[in-house]
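What follows is the content of model.txt (compact mmCIF, C-alpha atoms and all ligand atoms).
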# COMPACT_ATOMS: atom_id res chain seq x y z
CA VAL A 153 56.28 -55.33 -30.23
CA SER A 154 55.42 -54.33 -33.77
CA VAL A 155 54.95 -50.98 -35.45
CA LEU A 156 51.27 -51.87 -35.92
CA ASN A 157 50.76 -51.79 -32.12
CA ILE A 158 52.04 -48.27 -31.95
CA ILE A 159 50.20 -46.77 -34.92
CA LYS A 160 47.01 -48.50 -33.75
CA HIS A 161 47.21 -46.65 -30.44
CA LYS A 162 47.94 -43.23 -31.82
CA GLY A 163 45.29 -43.44 -34.52
CA SER A 164 46.01 -43.48 -38.20
CA ARG A 165 45.27 -39.96 -39.35
CA ILE A 166 47.90 -39.23 -41.97
CA VAL A 167 48.90 -35.63 -42.46
CA SER A 168 50.27 -34.86 -45.90
CA VAL A 169 50.92 -31.97 -48.27
CA ARG A 170 51.33 -31.63 -52.03
CA PRO A 171 54.80 -31.16 -53.54
CA GLU A 172 53.65 -28.00 -55.33
CA ALA A 173 52.32 -26.36 -52.14
CA THR A 174 54.57 -23.69 -50.61
CA VAL A 175 56.96 -24.11 -47.71
CA ALA A 176 54.84 -21.50 -45.87
CA GLN A 177 51.86 -23.85 -46.14
CA ALA A 178 53.91 -26.81 -44.92
CA VAL A 179 55.19 -24.84 -41.94
CA ALA A 180 51.61 -23.90 -41.03
CA VAL A 181 50.66 -27.61 -41.10
CA LEU A 182 53.65 -28.57 -38.92
CA HIS A 183 52.66 -25.92 -36.39
CA GLU A 184 48.92 -26.63 -36.44
CA LYS A 185 49.30 -30.40 -36.08
CA ARG A 186 52.22 -30.12 -33.66
CA ILE A 187 54.40 -32.44 -35.71
CA GLY A 188 58.02 -32.34 -36.83
CA ALA A 189 57.61 -33.72 -40.33
CA VAL A 190 54.96 -34.09 -42.97
CA LEU A 191 54.59 -36.60 -45.78
CA VAL A 192 54.47 -35.25 -49.32
CA ARG A 193 51.97 -36.94 -51.63
CA ASP A 194 51.05 -36.22 -55.23
CA VAL A 195 47.51 -35.77 -56.60
CA ARG A 196 47.05 -39.51 -56.84
CA GLY A 197 48.10 -39.99 -53.21
CA ALA A 198 51.48 -41.54 -53.97
CA LEU A 199 54.25 -40.83 -51.48
CA VAL A 200 56.81 -38.61 -53.22
CA GLY A 201 58.78 -37.24 -50.28
CA ILE A 202 59.01 -36.11 -46.67
CA LEU A 203 59.60 -32.60 -45.33
CA SER A 204 60.86 -32.05 -41.80
CA GLU A 205 61.71 -29.00 -39.70
CA ARG A 206 65.33 -29.74 -40.49
CA ASP A 207 64.69 -29.22 -44.21
CA VAL A 208 63.10 -25.86 -43.47
CA VAL A 209 66.16 -24.80 -41.44
CA ARG A 210 68.40 -25.89 -44.32
CA GLY A 211 66.14 -24.00 -46.74
CA ILE A 212 66.41 -20.78 -44.71
CA VAL A 213 70.21 -20.98 -44.90
CA ARG A 214 70.04 -21.58 -48.64
CA TYR A 215 67.28 -19.17 -49.74
CA GLY A 216 66.84 -16.77 -46.84
CA ALA A 217 63.33 -15.43 -46.22
CA ALA A 218 62.38 -16.31 -49.83
CA VAL A 219 62.21 -19.95 -48.72
CA LEU A 220 58.59 -19.45 -47.66
CA GLU A 221 57.44 -19.08 -51.29
CA LYS A 222 59.45 -22.06 -52.58
CA PRO A 223 57.55 -25.22 -53.50
CA ILE A 224 57.88 -28.04 -50.97
CA ARG A 225 59.45 -30.12 -53.76
CA ALA A 226 62.55 -27.91 -53.59
CA LEU A 227 63.29 -28.79 -49.95
CA MET A 228 61.84 -32.24 -49.33
CA THR A 229 63.77 -35.52 -49.25
CA ALA A 230 62.51 -37.54 -52.21
CA ASN A 231 64.19 -40.80 -51.32
CA VAL A 232 61.95 -41.88 -48.45
CA VAL A 233 62.87 -44.74 -46.13
CA SER A 234 59.81 -46.51 -44.74
CA CYS A 235 58.89 -49.47 -42.56
CA THR A 236 56.00 -51.95 -42.49
CA PRO A 237 53.38 -52.56 -39.77
CA ARG A 238 55.01 -55.94 -39.04
CA ASP A 239 58.45 -54.48 -38.31
CA ASP A 240 59.66 -54.70 -34.72
CA VAL A 241 60.05 -51.44 -32.79
CA ARG A 242 63.71 -52.31 -32.17
CA HIS A 243 64.28 -52.46 -35.91
CA VAL A 244 62.66 -49.04 -36.32
CA MET A 245 64.98 -47.60 -33.64
CA GLU A 246 67.97 -49.02 -35.50
CA VAL A 247 66.87 -47.56 -38.82
CA MET A 248 66.22 -44.14 -37.25
CA THR A 249 69.64 -44.16 -35.58
CA MET A 250 71.57 -45.36 -38.59
CA ARG A 251 69.84 -43.12 -41.14
CA ARG A 252 69.59 -40.18 -38.73
CA VAL A 253 65.90 -39.66 -39.38
CA ARG A 254 63.20 -39.22 -36.76
CA HIS A 255 60.22 -40.20 -38.89
CA LEU A 256 59.32 -43.36 -40.81
CA PRO A 257 56.22 -43.73 -42.95
CA VAL A 258 54.53 -47.09 -42.46
CA THR A 259 53.58 -48.77 -45.72
CA GLU A 260 52.10 -52.12 -46.61
CA ALA A 261 51.79 -53.45 -50.17
CA GLY A 262 52.28 -49.94 -51.49
CA THR A 263 49.61 -48.36 -49.28
CA LEU A 264 50.38 -45.75 -46.67
CA LYS A 265 49.26 -46.89 -43.22
CA GLY A 266 50.65 -44.12 -41.04
CA ILE A 267 53.86 -42.62 -39.74
CA ILE A 268 55.96 -43.44 -36.70
CA SER A 269 58.16 -40.82 -35.04
CA ILE A 270 61.07 -41.10 -32.64
CA GLY A 271 58.71 -39.57 -30.05
CA ASP A 272 56.29 -42.49 -30.50
CA VAL A 273 59.16 -44.95 -30.04
CA VAL A 274 60.43 -43.21 -26.89
CA LYS A 275 56.92 -43.13 -25.44
CA HIS A 276 56.54 -46.84 -26.13
CA ARG A 277 59.86 -47.62 -24.44
CA LEU A 278 58.89 -45.58 -21.36
CA ASP A 279 55.50 -47.32 -21.14
CA MET A 280 57.25 -50.70 -21.33
CA ALA A 281 59.80 -49.73 -18.67
CA GLN A 282 57.02 -48.47 -16.37
CA LEU A 283 55.08 -51.70 -16.87
CA GLU A 284 58.15 -53.69 -15.91
CA VAL A 285 58.68 -51.60 -12.77
CA ASN A 286 55.04 -52.15 -11.74
CA VAL A 287 55.22 -55.89 -12.28
CA LEU A 288 58.48 -56.19 -10.32
CA ARG A 289 57.13 -53.99 -7.51
CA ASP A 290 53.99 -56.14 -7.19
CA TYR A 291 56.13 -59.25 -7.19
CA ALA A 292 58.41 -57.86 -4.46
CA ARG A 293 55.41 -56.86 -2.33
CA SER A 294 53.84 -60.31 -2.48
CA HIS A 295 57.00 -62.18 -1.52
P1 LIG B 1 64.01 -35.64 -39.14
O1 LIG B 1 65.11 -36.16 -38.26
O2 LIG B 1 62.93 -36.65 -39.34
O3 LIG B 1 63.53 -34.29 -38.74
O4 LIG B 1 64.64 -35.47 -40.61
C1 LIG B 1 65.99 -35.17 -40.84
C2 LIG B 1 66.28 -35.21 -42.34
O5 LIG B 1 65.99 -36.52 -42.86
C3 LIG B 1 65.42 -34.28 -43.19
O6 LIG B 1 66.18 -33.86 -44.28
C4 LIG B 1 64.26 -35.14 -43.66
O7 LIG B 1 63.72 -34.74 -44.90
C5 LIG B 1 64.93 -36.49 -43.79
N1 LIG B 1 64.02 -37.60 -43.45
C6 LIG B 1 63.18 -37.70 -42.39
N2 LIG B 1 62.52 -38.85 -42.38
C7 LIG B 1 62.95 -39.53 -43.47
C8 LIG B 1 62.64 -40.82 -44.04
N3 LIG B 1 61.77 -41.65 -43.47
N4 LIG B 1 63.27 -41.17 -45.19
C9 LIG B 1 64.16 -40.34 -45.78
N5 LIG B 1 64.49 -39.14 -45.29
C10 LIG B 1 63.90 -38.72 -44.15
Show how you would write the structure in this file as structure tokens.
Amino acid sequence: VSVLNIIKHKGSRIVSVRPEATVAQAVAVLHEKRIGAVLVRDVRGALVGILSERDVVRGIVRYGAAVLEKPIRALMTANVVSCTPRDDVRHVMEVMTMRRVRHLPVTEAGTLKGIISIGDVVKHRLDMAQLEVNVLRDYARSH
């Protein structure tokens, strides 16, 4: 199953913030949208980083309460690892495990298509497992 299948189901609304916005603004977005990370895009819409809850925790340790007024640029990870819509979900799981990240932006020919989280992957795996159980149960019943 490909990444496209998953982002198609969850809809493709892409939440992003500007690098010059404050950490306080980013935290409000994370809370409001109930997400763990947000993509950082410049004025022209280019992907310039990703900011996750983990970066905020790190920022609190580093700056204390003053972190809230820092620009997102100061805390985000600029070197973003992404995947494509054609990638297999298994591949995405491998990348997330090896890189220790829980979010991967989905890009195709330089355009942002969405974002896939570890939660999306887990949900997909559970759906698949449930489907398998149902199929096997039906088979057992009819034999
Ligand atoms: P997460 O596990 O997604 O909450 O993120 C853990 C750390 O990895 C944070 O410092 C994030 O900024 C960073 N991170 C998350 N996703 C990515 C990604 N796709 N590429 C690069 N870094 C990432």
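Of the listed residues A:Gln282, A:Ser234, A:Ser168, A:Ser154, the one whose atoms come nearest to ligand LIG 1 (chain B) is A:Ser234, with distances taken using only C-alpha atoms and all ligand atoms.
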Quick one: contact table of chain A to ligand LIG 1 (chain B), 8 Å max, nearest atom pair and distance in Å to one decimal per residue, counting all atoms listed in the file, chain and number order, as a tab-separated table?
residue	atom	partner	partner_atom	distance
A:Gly188	CA	B:LIG1	O3	6.1
A:Ala189	CA	B:LIG1	O2	6.2
A:Gly201	CA	B:LIG1	C9	7.7
A:Ile202	CA	B:LIG1	O7	5.2
A:Leu203	CA	B:LIG1	O7	4.7
A:Ser204	CA	B:LIG1	O3	4.6
A:Glu205	CA	B:LIG1	O3	5.7
A:Arg206	CA	B:LIG1	O3	5.2
A:Asp207	CA	B:LIG1	O6	4.9
A:Leu227	CA	B:LIG1	O7	7.8
A:Met228	CA	B:LIG1	O7	5.4
A:Thr229	CA	B:LIG1	O7	4.4
A:Ala230	CA	B:LIG1	C9	7.2
A:Asn231	CA	B:LIG1	C9	5.6
A:Val232	CA	B:LIG1	N4	3.6
A:Val233	CA	B:LIG1	N4	3.7
A:Ser234	CA	B:LIG1	N3	5.4
A:Arg251	CA	B:LIG1	O5	7.8
A:Arg252	CA	B:LIG1	O1	6.0
A:Val253	CA	B:LIG1	O1	3.8
A:Arg254	CA	B:LIG1	O2	3.7
A:His255	CA	B:LIG1	N2	4.4
A:Leu256	CA	B:LIG1	N3	4.0
A:Pro257	CA	B:LIG1	N3	5.9
A:Ser269	CA	B:LIG1	O2	7.7
Between CA of Ala198 in chain A and CA of Gly262 in chain A - distance in Å to one decimal: 8.8 Å
Between CA of Pro223 in chain A and CA of Val190 in chain A lies a distance of 14.0 Å
Select all residues near (56.8, -50.4, -49.7) (cut-off 8 Å, inclusive, file coordinates), counting only C-alpha atoms, and output them as a count of residues only. 8
Between A:Ala281, A:Gly271, A:Ala178, A:Val247, which has the minimum distance to Glu221 in chain A (counting all atoms listed in the file)? A:Ala178
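With CA of Val219 in chain A on one side and CA of Glu184 in chain A on the other, the separation reads 19.3 Å.
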Spatial neighbours of Pro237 in chain A, 10 Å, all atoms listed in the file, chain gap at least 6 places, as a CSV table (one decimal) with C-alpha atoms, in the frame of the given file:
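And here is the file that came out, around.csv:
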chain,number,residue,atom,x,y,z
A,154,SER,CA,55.4,-54.3,-33.8
A,155,VAL,CA,55.0,-51.0,-35.4
A,156,LEU,CA,51.3,-51.9,-35.9
A,157,ASN,CA,50.8,-51.8,-32.1
A,158,ILE,CA,52.0,-48.3,-32.0
A,159,ILE,CA,50.2,-46.8,-34.9
A,160,LYS,CA,47.0,-48.5,-33.8
A,257,PRO,CA,56.2,-43.7,-43.0
A,258,VAL,CA,54.5,-47.1,-42.5
A,259,THR,CA,53.6,-48.8,-45.7
A,260,GLU,CA,52.1,-52.1,-46.6
A,265,LYS,CA,49.3,-46.9,-43.2
A,266,GLY,CA,50.6,-44.1,-41.0
A,267,ILE,CA,53.9,-42.6,-39.7
A,268,ILE,CA,56.0,-43.4,-36.7
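If all atoms listed in the file are the atoms counted, then among A:Arg289, A:Arg165, A:Arg225, A:Arg242 the closest residue to Val274 in chain A is A:Arg242.
With all atoms listed in the file as the atoms that count, the minimum distance from Val181 in chain A to the choices A:Val169, A:Met250, A:Val195, A:Val285 is reached by A:Val169.
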Which of these, A:Val200, A:Met280, A:Leu220, A:Ile270, has the shortest distance to Val179 in chain A once you count all atoms listed in the file? A:Leu220
Box for range 236-243 of chain A - axis-aligned, 5 Å on each of the six sides, all listed atoms - centre and size in Å to one decimal, as lines of an AutoDock Vina configuration file.
center_x = 58.8
center_y = -53.7
center_z = -37.3
size_x = 20.9
size_y = 14.5
size_z = 20.3
Tell me which of A:Met248, A:Ala226, A:Ile212, A:Ala217 sits closest to Arg170 in chain A, counting all atoms listed in the file. A:Ala226
